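Engineer: input.cif (mmCIF, C-alpha atoms and all ligand atoms) pasted underneath:
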data_final
#
loop_
_atom_site.label_atom_id
_atom_site.label_comp_id
_atom_site.auth_asym_id
_atom_site.auth_seq_id
_atom_site.Cartn_x
_atom_site.Cartn_y
_atom_site.Cartn_z
CA MET A 1 -21.17 10.80 1.27
CA ASP A 2 -17.64 10.29 2.60
CA ALA A 3 -16.81 13.85 1.68
CA LEU A 4 -19.78 15.00 3.77
CA VAL A 5 -18.72 12.85 6.71
CA ASP A 6 -15.24 14.35 6.43
CA LEU A 7 -16.74 17.84 6.51
CA PHE A 8 -18.84 17.38 9.62
CA LEU A 9 -16.50 15.34 11.78
CA PRO A 10 -14.60 17.51 14.23
CA ARG A 11 -11.01 17.59 13.05
CA ARG A 12 -8.63 15.78 15.36
CA CYS A 13 -5.22 14.30 14.72
CA VAL A 14 -5.87 10.60 14.07
CA VAL A 15 -2.61 9.69 15.82
CA CYS A 16 -2.63 11.76 19.04
CA GLY A 17 -6.16 13.22 19.19
CA THR A 18 -5.17 16.90 19.28
CA ALA A 19 -7.85 19.14 17.79
CA GLY A 20 -6.93 20.79 14.48
CA GLU A 21 -5.38 18.94 11.56
CA MET A 22 -6.17 15.29 10.77
CA LEU A 23 -2.46 14.65 11.14
CA CYS A 24 -0.79 17.21 13.36
CA ARG A 25 2.66 18.53 12.58
CA ASP A 26 4.35 16.67 15.44
CA CYS A 27 2.81 13.31 14.48
CA ASP A 28 3.62 13.94 10.81
CA ARG A 29 7.26 14.53 11.82
CA SER A 30 7.24 11.46 14.06
CA LEU A 31 6.37 9.14 11.17
CA ASN A 32 9.55 7.21 10.46
CA ARG A 33 10.33 7.83 6.77
CA LEU A 34 12.21 5.06 4.96
CA ARG A 35 14.93 7.30 3.56
CA GLY A 36 18.04 5.31 4.48
CA THR A 37 19.73 2.43 2.66
CA LEU A 38 17.26 -0.18 1.44
CA CYS A 39 17.27 -3.62 -0.06
CA GLU A 40 17.16 -2.99 -3.82
CA ARG A 41 14.41 -5.56 -4.26
CA CYS A 42 12.02 -5.53 -1.30
CA GLY A 43 12.73 -2.15 0.29
CA ALA A 44 13.66 -3.43 3.76
CA PRO A 45 16.04 -1.07 5.58
CA THR A 46 19.59 -2.45 5.37
CA ALA A 47 22.99 -1.40 6.76
CA TRP A 48 24.43 -1.12 3.23
CA PRO A 49 23.07 -1.47 -0.32
CA VAL A 50 22.16 -5.08 -1.22
CA GLU A 51 20.31 -6.62 -4.16
CA ARG A 52 18.45 -9.09 -1.94
CA CYS A 53 18.31 -9.07 1.85
CA ARG A 54 17.73 -11.59 4.62
CA GLU A 55 14.01 -10.95 4.37
CA CYS A 56 13.61 -11.60 0.63
CA ALA A 57 16.59 -13.78 -0.37
CA GLY A 58 15.55 -17.15 -1.72
CA ARG A 59 11.89 -16.20 -1.98
CA ARG A 60 10.06 -16.16 -5.27
CA ILE A 61 8.90 -12.60 -5.65
CA ALA A 62 6.88 -11.54 -8.67
CA PHE A 63 7.43 -7.78 -8.35
CA THR A 64 10.51 -5.95 -9.63
CA GLN A 65 10.89 -3.71 -6.62
CA ALA A 66 8.94 -2.60 -3.53
CA ARG A 67 9.16 0.80 -1.88
CA ALA A 68 7.28 2.30 1.06
CA ALA A 69 7.14 5.74 2.64
CA VAL A 70 7.13 4.99 6.37
CA VAL A 71 7.78 2.25 8.92
CA TYR A 72 4.54 0.55 10.00
CA ASP A 73 4.84 1.53 13.66
CA GLU A 74 2.12 2.58 16.14
CA ALA A 75 1.67 6.06 14.62
CA ALA A 76 1.46 4.68 11.07
CA LYS A 77 -0.98 1.98 12.26
CA ARG A 78 -3.33 4.62 13.66
CA LEU A 79 -3.21 6.65 10.48
CA VAL A 80 -3.84 3.61 8.26
CA GLY A 81 -6.58 2.40 10.64
CA ALA A 82 -8.47 5.69 10.43
CA TRP A 83 -8.10 5.83 6.68
CA LYS A 84 -9.25 2.22 6.23
CA GLU A 85 -11.96 1.88 8.85
CA ARG A 86 -13.53 5.31 8.51
CA GLY A 87 -12.80 5.66 4.84
CA GLN A 88 -11.60 9.22 5.17
CA ARG A 89 -10.57 10.48 1.78
CA THR A 90 -8.61 13.32 3.27
CA LEU A 91 -6.32 10.85 5.02
CA ALA A 92 -5.64 8.93 1.82
CA ARG A 93 -4.61 12.27 0.34
CA VAL A 94 -2.34 12.94 3.32
CA ALA A 95 -0.84 9.46 2.84
CA ALA A 96 -0.30 10.13 -0.89
CA GLU A 97 1.51 13.35 -0.05
CA ILE A 98 3.82 11.52 2.36
CA VAL A 99 4.52 8.79 -0.21
CA ASP A 100 5.26 11.44 -2.81
CA GLY A 101 7.79 13.00 -0.44
CA VAL A 102 9.73 9.74 0.03
CA VAL A 103 9.24 7.48 -3.00
CA ALA A 104 10.48 8.60 -6.43
CA ARG A 105 7.88 9.04 -9.16
CA ARG A 106 7.99 6.44 -11.92
CA ASP A 107 7.94 7.64 -15.53
CA ALA A 108 5.59 6.06 -18.03
CA TYR A 109 3.94 3.73 -15.57
CA THR A 110 0.28 2.93 -15.09
CA LEU A 111 -0.93 2.86 -11.49
CA THR A 112 -3.15 0.11 -10.23
CA PHE A 113 -4.08 -1.13 -6.74
CA VAL A 114 -4.66 -4.26 -4.68
CA PRO A 115 -8.42 -4.96 -4.56
CA ALA A 116 -10.14 -4.59 -1.17
CA ASP A 117 -9.88 -7.65 1.06
CA SER A 118 -13.05 -7.34 3.04
CA ILE A 119 -16.71 -7.56 2.22
CA ARG A 120 -17.23 -4.51 4.41
CA TYR A 121 -15.07 -2.32 2.16
CA MET A 122 -16.79 -3.60 -0.91
CA GLU A 123 -20.22 -2.96 0.60
CA ARG A 124 -19.21 0.56 1.49
CA GLY A 125 -17.79 0.94 -1.97
CA HIS A 126 -14.41 2.17 -0.87
CA ASN A 127 -11.05 0.59 -1.23
CA PRO A 128 -8.21 2.09 0.83
CA ALA A 129 -5.53 1.10 -1.69
CA GLN A 130 -7.55 2.58 -4.54
CA ARG A 131 -7.79 5.90 -2.69
CA LEU A 132 -4.03 6.01 -2.22
CA ALA A 133 -3.51 5.13 -5.89
CA SER A 134 -5.86 7.98 -6.91
CA GLY A 135 -3.97 10.43 -4.71
CA LEU A 136 -0.66 9.32 -6.20
CA GLY A 137 -2.07 9.43 -9.72
CA GLU A 138 -2.98 13.08 -9.20
CA ARG A 139 0.43 13.94 -7.77
CA TRP A 140 2.45 11.95 -10.29
CA ASN A 141 0.20 12.72 -13.24
CA LEU A 142 -0.11 9.02 -14.06
CA PRO A 143 -3.25 7.09 -15.03
CA VAL A 144 -4.96 4.84 -12.45
CA VAL A 145 -6.56 1.73 -13.92
CA THR A 146 -8.43 -1.15 -12.25
CA LEU A 147 -6.63 -4.29 -13.39
CA LEU A 148 -7.23 -6.86 -10.65
CA ARG A 149 -9.98 -8.59 -8.75
CA ARG A 150 -10.00 -11.15 -5.98
CA ARG A 151 -10.88 -14.68 -6.88
CA PRO A 152 -13.90 -15.76 -4.87
CA GLY A 153 -13.49 -18.35 -2.14
CA VAL A 154 -9.86 -17.74 -1.14
CA ALA A 155 -9.42 -17.57 2.65
CA ARG A 156 -8.61 -14.35 4.48
CA GLN A 157 -5.04 -13.52 5.52
CA ARG A 158 -5.76 -12.25 9.00
CA GLY A 159 -4.63 -14.51 11.84
CA LEU A 160 -2.31 -16.64 9.70
CA THR A 161 1.42 -17.09 10.24
CA LEU A 162 3.88 -15.72 7.67
CA ALA A 163 4.40 -19.15 6.08
CA GLU A 164 0.65 -19.79 5.96
CA ARG A 165 0.07 -16.37 4.41
CA ARG A 166 2.54 -17.07 1.65
CA ARG A 167 0.85 -20.35 0.80
CA ASN A 168 -2.64 -18.96 1.17
CA VAL A 169 -2.28 -16.01 -1.19
CA ARG A 170 -1.16 -17.92 -4.27
CA GLY A 171 -3.92 -17.60 -6.82
CA LEU A 172 -5.69 -14.94 -4.77
CA PHE A 173 -5.98 -12.45 -7.65
CA GLU A 174 -6.80 -12.45 -11.32
CA ALA A 175 -6.51 -9.74 -13.94
CA THR A 176 -9.71 -8.28 -15.32
CA ARG A 177 -8.05 -7.13 -18.56
CA SER A 178 -4.65 -7.11 -20.22
CA ALA A 179 -2.03 -5.16 -18.28
CA PRO A 180 0.33 -2.46 -19.59
CA GLY A 181 4.05 -3.34 -19.69
CA ALA A 182 5.04 -1.20 -16.71
CA VAL A 183 2.76 -1.07 -13.70
CA VAL A 184 3.00 0.53 -10.25
CA LEU A 185 0.99 -1.61 -7.86
CA VAL A 186 -0.29 0.39 -4.88
CA ASP A 187 -1.30 -0.99 -1.48
CA ASP A 188 -1.65 0.55 1.99
CA VAL A 189 0.77 -1.66 3.93
CA TYR A 190 3.55 -4.07 2.98
CA THR A 191 3.57 -6.81 5.62
CA SER A 192 5.11 -10.07 4.37
CA GLY A 193 5.10 -9.04 0.70
CA ALA A 194 3.00 -12.12 -0.09
CA THR A 195 -0.14 -10.22 -1.06
CA VAL A 196 1.58 -7.80 -3.44
CA SER A 197 3.63 -10.66 -4.91
CA ALA A 198 0.43 -12.62 -5.63
CA ALA A 199 -1.09 -9.50 -7.21
CA ALA A 200 2.09 -8.98 -9.25
CA THR A 201 1.89 -12.58 -10.48
CA ALA A 202 -1.61 -11.93 -11.83
CA LEU A 203 -0.42 -8.69 -13.50
CA ARG A 204 2.52 -10.48 -15.12
CA LYS A 205 0.25 -13.22 -16.41
CA ALA A 206 -1.81 -10.43 -17.97
CA GLY A 207 1.22 -8.98 -19.79
CA ALA A 208 3.04 -6.66 -17.34
CA ARG A 209 6.83 -6.99 -17.60
CA ARG A 210 7.72 -4.71 -14.69
CA VAL A 211 5.62 -4.43 -11.54
CA GLU A 212 6.85 -1.91 -9.00
CA VAL A 213 5.12 -1.98 -5.64
CA VAL A 214 4.49 1.25 -3.73
CA THR A 215 2.91 1.20 -0.27
CA PHE A 216 2.31 3.85 2.35
CA ALA A 217 3.83 1.81 5.19
CA ARG A 218 6.06 -1.21 5.60
CA ALA A 219 6.47 -3.67 8.44
CA VAL A 220 10.12 -3.69 9.55
CA ARG A 221 11.41 -6.72 11.43
ZN ZN B 301 -0.89 14.29 16.40
ZN ZN B 302 14.99 -7.61 0.48
#
Once you've parsed the file, please lay out its structure as structure tokens.
Ligand SMILES: [Zn+2]
Ligand SMILES: [Zn+2]
Structural biologist:
Amino acid sequence: MDALVDLFLPRRCVVCGTAGEMLCRDCDRSLNRLRGTLCERCGAPTAWPVERCRECAGRRIAFTQARAAVVYDEAAKRLVGAWKERGQRTLARVAAEIVDGVVARRDAYTLTFVPADSIRYMERGHNPAQRLASGLGERWNLPVVTLLRRRPGVARQRGLTLAERRRNVRGLFEATRSAPGAVVLVDDVYTSGATVSAAATALRKAGARRVEVVTFARAVR
């Protein structure tokens, strides 16, 4: 169904609206790739190499490392919005290609993804993070396995402050089966890191020893 929708929609750049490609060359170039010096742990851009940065120091983080392809700016927001709201597979593939161009492939890792956070996605049967994980799995030749689900009854993240988010997400996820030792956890956007850390906690409880987070975009403060 989504593939059909993709076929019949007139192709326009999801960022600037120009007819042609779903992401035109200029907008592709304008996406701000995170290629400079990064915090070793959380992937925040830093002036020089550090093991922990101002953003992640002193926080309990369950993942080994987090990396993202682009800064979550206006252009990235539009791309992610189109891919999430309209469920366009082609865009998830475009996102996977961009991630592949910036983030190094992990050897001997199993890919998994953060489960969808909205009833709407689940009703439609698509999960944006799962689509990105599938695209990366194809490019990196790594298996993609469903390992997590949301626990019912935990409040939504939207509209909460950073501190509230961090408290709210604890216990948000549970593993549906035992996890391999080395897992790449895929999500669309890294905002506070709280969601992926909660997901990593569930994976570690299920047996993962290393959880590396890979997202398409990352909020940069
Ligand atoms: Zn464009
Ligand atoms: Zn950091």
Engineer: Near region 126-142 of chain A, counting only C-alpha atoms, which residues have an atom at most 6 Å away, once you skip same-chain residues fewer than 2 positions from it, shown as a PyMOL selection string?
Structural biologist: chain A and resi 84+92-93+96+113+116+121+124+186-188
Engineer: List all protein, DNA and RNA residues that have any atom at most 12 Å from ligand ZN 301 (chain B), counting all atoms listed in the file, and write the list as a list in words.
Structural biologist: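 Using all atoms listed in the file, everything at most 12 Å from ligand ZN 301 (chain B) comes to Arg11, Arg12, Cys13, Val14, Val15, Cys16, Gly17, Thr18, Ala19, Gly20, Glu21, Met22, Leu23, Cys24, Arg25, Asp26, Cys27, Asp28, Arg29, Ser30, Leu31, Ala75, Ala76, Arg78 and Leu79 of chain A.
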Engineer: Which value, in Å to one decimal, gives the distance between CA of Ala208 (chain A) and CA of Val50 (chain A)?
Structural biologist: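 So the answer is 25.1 Å.
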Engineer: Ligand ZN 302 (chain B): which residues are within 7 Å, counting all atoms listed in the file, as JSON, numbers by chain?
Structural biologist: {"A": [39, 40, 41, 42, 43, 44, 52, 53, 54, 55, 56, 57]}
Engineer: Rank A:Val99, A:Ala163, A:Val184, A:Val169 by their smallest atom-to-atom distance to Val70 (chain A), using only C-alpha atoms, and report the top residue only.
Structural biologist: A:Val99
Engineer: Can you tell me how far CA of Leu147 (chain A) sits from CA of Ala175 (chain A), in Å to one decimal?
Structural biologist: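 So the two atoms, CA of Leu147 (chain A) and CA of Ala175 (chain A), lie 5.5 Å apart.
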Engineer: Just give me the gap between CA of Glu212 (chain A) and CA of Val114 (chain A) in Å, one decimal is fine.
Structural biologist: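 According to the coordinates, CA of Glu212 (chain A) and CA of Val114 (chain A) are separated by 12.5 Å.
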Engineer: Ranking A:Arg218, A:Ala182, A:Gly58, A:Thr146 by minimum distance to Asp107 (chain A) and counting all atoms listed in the file, which one comes first?
Structural biologist: A:Ala182
Engineer: Under the rule that only C-alpha atoms are counted, which of A:Leu91, A:Leu172, A:Leu162, A:Val211 is the nearest residue to Ala198 (chain A)?
Structural biologist: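 Closest to Ala198 (chain A), using only C-alpha atoms: A:Leu172.
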Engineer: Rank nothing, just name the residue among A:Asp73, A:Glu164, A:Glu174, A:Asp100 nearest to Arg150 (chain A), using only C-alpha atoms.
Structural biologist: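 For Arg150 (chain A), the nearest of the candidates is A:Glu174.
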Engineer: Counting only C-alpha atoms, which residues come within 6 Å of (2.0, 0.7, 3.5), with the point read in the file's coordinates, and could you list them as a list in words?
Structural biologist: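 Answer for this query, in the requested form: Asp188, Val189, Tyr190, Thr215, Phe216, Ala217 and Arg218 of chain A.
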Engineer: Deliver the residues from the most recent selection as a file, using C-alpha atoms, as a CSV table (one decimal), keeping the file's coordinate frame.
Structural biologist:
chain,number,residue,atom,x,y,z
A,188,ASP,CA,-1.6,0.6,2.0
A,189,VAL,CA,0.8,-1.7,3.9
A,190,TYR,CA,3.6,-4.1,3.0
A,215,THR,CA,2.9,1.2,-0.3
A,216,PHE,CA,2.3,3.8,2.4
A,217,ALA,CA,3.8,1.8,5.2
A,218,ARG,CA,6.1,-1.2,5.6
Engineer: Which residues come within 8 Å of Arg151 (chain A), counting only C-alpha atoms, excluding same-chain residues fewer than 2 positions away, as a list in words?
Structural biologist: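 Here the qualifying residues turn out to be Arg149, Gly153, Val154, Gly171, Leu172, Phe173 and Glu174 of chain A.
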Engineer: Suppose we keep C-alpha atoms; can you now write the selection as a PDB file, in the coordinates of the input?
Structural biologist:
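Final output, again_1.pdb:
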ATOM      1  CA  ARG A 149      -9.980  -8.590  -8.750  1.00  0.00           C
ATOM      2  CA  GLY A 153     -13.490 -18.350  -2.140  1.00  0.00           C
ATOM      3  CA  VAL A 154      -9.860 -17.740  -1.140  1.00  0.00           C
ATOM      4  CA  GLY A 171      -3.920 -17.600  -6.820  1.00  0.00           C
ATOM      5  CA  LEU A 172      -5.690 -14.940  -4.770  1.00  0.00           C
ATOM      6  CA  PHE A 173      -5.980 -12.450  -7.650  1.00  0.00           C
ATOM      7  CA  GLU A 174      -6.800 -12.450 -11.320  1.00  0.00           C
TER       8      GLU A 174
END
Engineer: Which one is closest to Arg33 (chain A): A:Ala179, A:Leu203, A:Val94, A:Val71? Count only C-alpha atoms.
Structural biologist: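 So, comparing all the options, the nearest one is A:Val71.
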Engineer: Set the distance at 10 Å and use all atoms listed in the file: which residues neighbour Gly101 (chain A) once local chain neighbours fewer than 6 positions away are removed? I'd like the list as a list of chain:residue names.
Structural biologist: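 Everything that qualifies: A:Arg33, A:Arg35, A:Ala69, A:Ala95.
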Engineer: Go through A:Tyr72, A:Gly159, A:Gln65, A:Pro115 and flag the residue nearest Val103 (chain A), using all atoms listed in the file for the distances.
Structural biologist: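 Looking only at the distances to Val103 (chain A), the closest residue turns out to be A:Gln65.
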Engineer: Since the input is missing atoms, can you rebuild all heavy atoms for region 51-62 of chain A and write them as an mmCIF file, in the frame of the given file?
Structural biologist:
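Generated output (out.cif):
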data_model
loop_
_atom_site.group_PDB
_atom_site.id
_atom_site.type_symbol
_atom_site.label_atom_id
_atom_site.label_comp_id
_atom_site.auth_asym_id
_atom_site.auth_seq_id
_atom_site.Cartn_x
_atom_site.Cartn_y
_atom_site.Cartn_z
ATOM 1 N N GLU A 51 21.316 -6.313 -3.136
ATOM 2 C CA GLU A 51 20.310 -6.620 -4.160
ATOM 3 C C GLU A 51 19.154 -7.422 -3.584
ATOM 4 O O GLU A 51 18.006 -7.255 -3.997
ATOM 5 C CB GLU A 51 20.968 -7.375 -5.315
ATOM 6 C CG GLU A 51 21.715 -6.415 -6.223
ATOM 7 C CD GLU A 51 22.338 -7.076 -7.423
ATOM 8 O OE1 GLU A 51 21.906 -8.192 -7.782
ATOM 9 O OE2 GLU A 51 23.248 -6.458 -7.993
ATOM 10 N N ARG A 52 19.479 -8.347 -2.684
ATOM 11 C CA ARG A 52 18.450 -9.090 -1.940
ATOM 12 C C ARG A 52 18.906 -9.087 -0.490
ATOM 13 O O ARG A 52 20.104 -9.060 -0.215
ATOM 14 C CB ARG A 52 18.322 -10.537 -2.435
ATOM 15 C CG ARG A 52 17.948 -10.707 -3.925
ATOM 16 C CD ARG A 52 16.517 -10.327 -4.205
ATOM 17 N NE ARG A 52 15.545 -11.249 -3.649
ATOM 18 C CZ ARG A 52 14.809 -12.105 -4.367
ATOM 19 N NH1 ARG A 52 14.925 -12.187 -5.665
ATOM 20 N NH2 ARG A 52 13.931 -12.890 -3.773
ATOM 21 N N CYS A 53 17.946 -9.114 0.434
ATOM 22 C CA CYS A 53 18.310 -9.070 1.850
ATOM 23 C C CYS A 53 17.855 -10.354 2.543
ATOM 24 O O CYS A 53 17.282 -11.228 1.925
ATOM 25 C CB CYS A 53 17.667 -7.852 2.508
ATOM 26 S SG CYS A 53 15.879 -7.972 2.639
ATOM 27 N N ARG A 54 18.114 -10.414 3.850
ATOM 28 C CA ARG A 54 17.730 -11.590 4.620
ATOM 29 C C ARG A 54 16.234 -11.872 4.505
ATOM 30 O O ARG A 54 15.795 -13.000 4.516
ATOM 31 C CB ARG A 54 18.058 -11.325 6.094
ATOM 32 C CG ARG A 54 19.039 -12.322 6.642
ATOM 33 C CD ARG A 54 19.336 -12.083 8.085
ATOM 34 N NE ARG A 54 18.627 -10.947 8.653
ATOM 35 C CZ ARG A 54 18.901 -10.411 9.822
ATOM 36 N NH1 ARG A 54 19.867 -10.905 10.546
ATOM 37 N NH2 ARG A 54 18.229 -9.381 10.281
ATOM 38 N N GLU A 55 15.465 -10.795 4.400
ATOM 39 C CA GLU A 55 14.010 -10.950 4.370
ATOM 40 C C GLU A 55 13.513 -11.543 3.048
ATOM 41 O O GLU A 55 12.544 -12.292 3.020
ATOM 42 C CB GLU A 55 13.365 -9.584 4.627
ATOM 43 C CG GLU A 55 11.874 -9.661 4.884
ATOM 44 C CD GLU A 55 11.274 -8.277 5.119
ATOM 45 O OE1 GLU A 55 11.854 -7.486 5.889
ATOM 46 O OE2 GLU A 55 10.222 -8.003 4.512
ATOM 47 N N CYS A 56 14.161 -11.187 1.931
ATOM 48 C CA CYS A 56 13.610 -11.600 0.630
ATOM 49 C C CYS A 56 14.471 -12.607 -0.118
ATOM 50 O O CYS A 56 14.030 -13.167 -1.120
ATOM 51 C CB CYS A 56 13.337 -10.378 -0.245
ATOM 52 S SG CYS A 56 14.822 -9.549 -0.851
ATOM 53 N N ALA A 57 15.701 -12.844 0.344
ATOM 54 C CA ALA A 57 16.590 -13.780 -0.370
ATOM 55 C C ALA A 57 15.963 -15.166 -0.419
ATOM 56 O O ALA A 57 15.387 -15.637 0.560
ATOM 57 C CB ALA A 57 17.940 -13.830 0.329
ATOM 58 N N GLY A 58 16.041 -15.786 -1.581
ATOM 59 C CA GLY A 58 15.550 -17.150 -1.720
ATOM 60 C C GLY A 58 14.050 -17.272 -1.882
ATOM 61 O O GLY A 58 13.527 -18.355 -2.084
ATOM 62 N N ARG A 59 13.346 -16.136 -1.786
ATOM 63 C CA ARG A 59 11.890 -16.200 -1.980
ATOM 64 C C ARG A 59 11.553 -15.874 -3.416
ATOM 65 O O ARG A 59 12.195 -15.036 -4.040
ATOM 66 C CB ARG A 59 11.204 -15.185 -1.064
ATOM 67 C CG ARG A 59 11.024 -15.691 0.348
ATOM 68 C CD ARG A 59 10.370 -14.627 1.195
ATOM 69 N NE ARG A 59 9.100 -14.175 0.651
ATOM 70 C CZ ARG A 59 8.506 -13.037 0.998
ATOM 71 N NH1 ARG A 59 9.077 -12.259 1.862
ATOM 72 N NH2 ARG A 59 7.349 -12.703 0.462
ATOM 73 N N ARG A 60 10.531 -16.509 -3.919
ATOM 74 C CA ARG A 60 10.060 -16.160 -5.270
ATOM 75 C C ARG A 60 9.170 -14.948 -5.146
ATOM 76 O O ARG A 60 8.119 -14.991 -4.523
ATOM 77 C CB ARG A 60 9.338 -17.342 -5.889
ATOM 78 C CG ARG A 60 10.339 -18.352 -6.456
ATOM 79 C CD ARG A 60 9.697 -19.668 -6.747
ATOM 80 N NE ARG A 60 8.563 -19.528 -7.663
ATOM 81 C CZ ARG A 60 7.756 -20.532 -7.955
ATOM 82 N NH1 ARG A 60 7.947 -21.716 -7.399
ATOM 83 N NH2 ARG A 60 6.756 -20.374 -8.785
ATOM 84 N N ILE A 61 9.629 -13.857 -5.744
ATOM 85 C CA ILE A 61 8.900 -12.600 -5.650
ATOM 86 C C ILE A 61 8.567 -12.136 -7.068
ATOM 87 O O ILE A 61 9.452 -12.051 -7.909
ATOM 88 C CB ILE A 61 9.771 -11.532 -4.940
ATOM 89 C CG1 ILE A 61 9.963 -11.913 -3.464
ATOM 90 C CG2 ILE A 61 9.139 -10.155 -5.053
ATOM 91 C CD1 ILE A 61 10.883 -10.981 -2.717
ATOM 92 N N ALA A 62 7.302 -11.853 -7.301
ATOM 93 C CA ALA A 62 6.880 -11.540 -8.670
ATOM 94 C C ALA A 62 7.038 -10.068 -9.020
ATOM 95 O O ALA A 62 6.964 -9.697 -10.184
ATOM 96 C CB ALA A 62 5.428 -11.968 -8.871
#
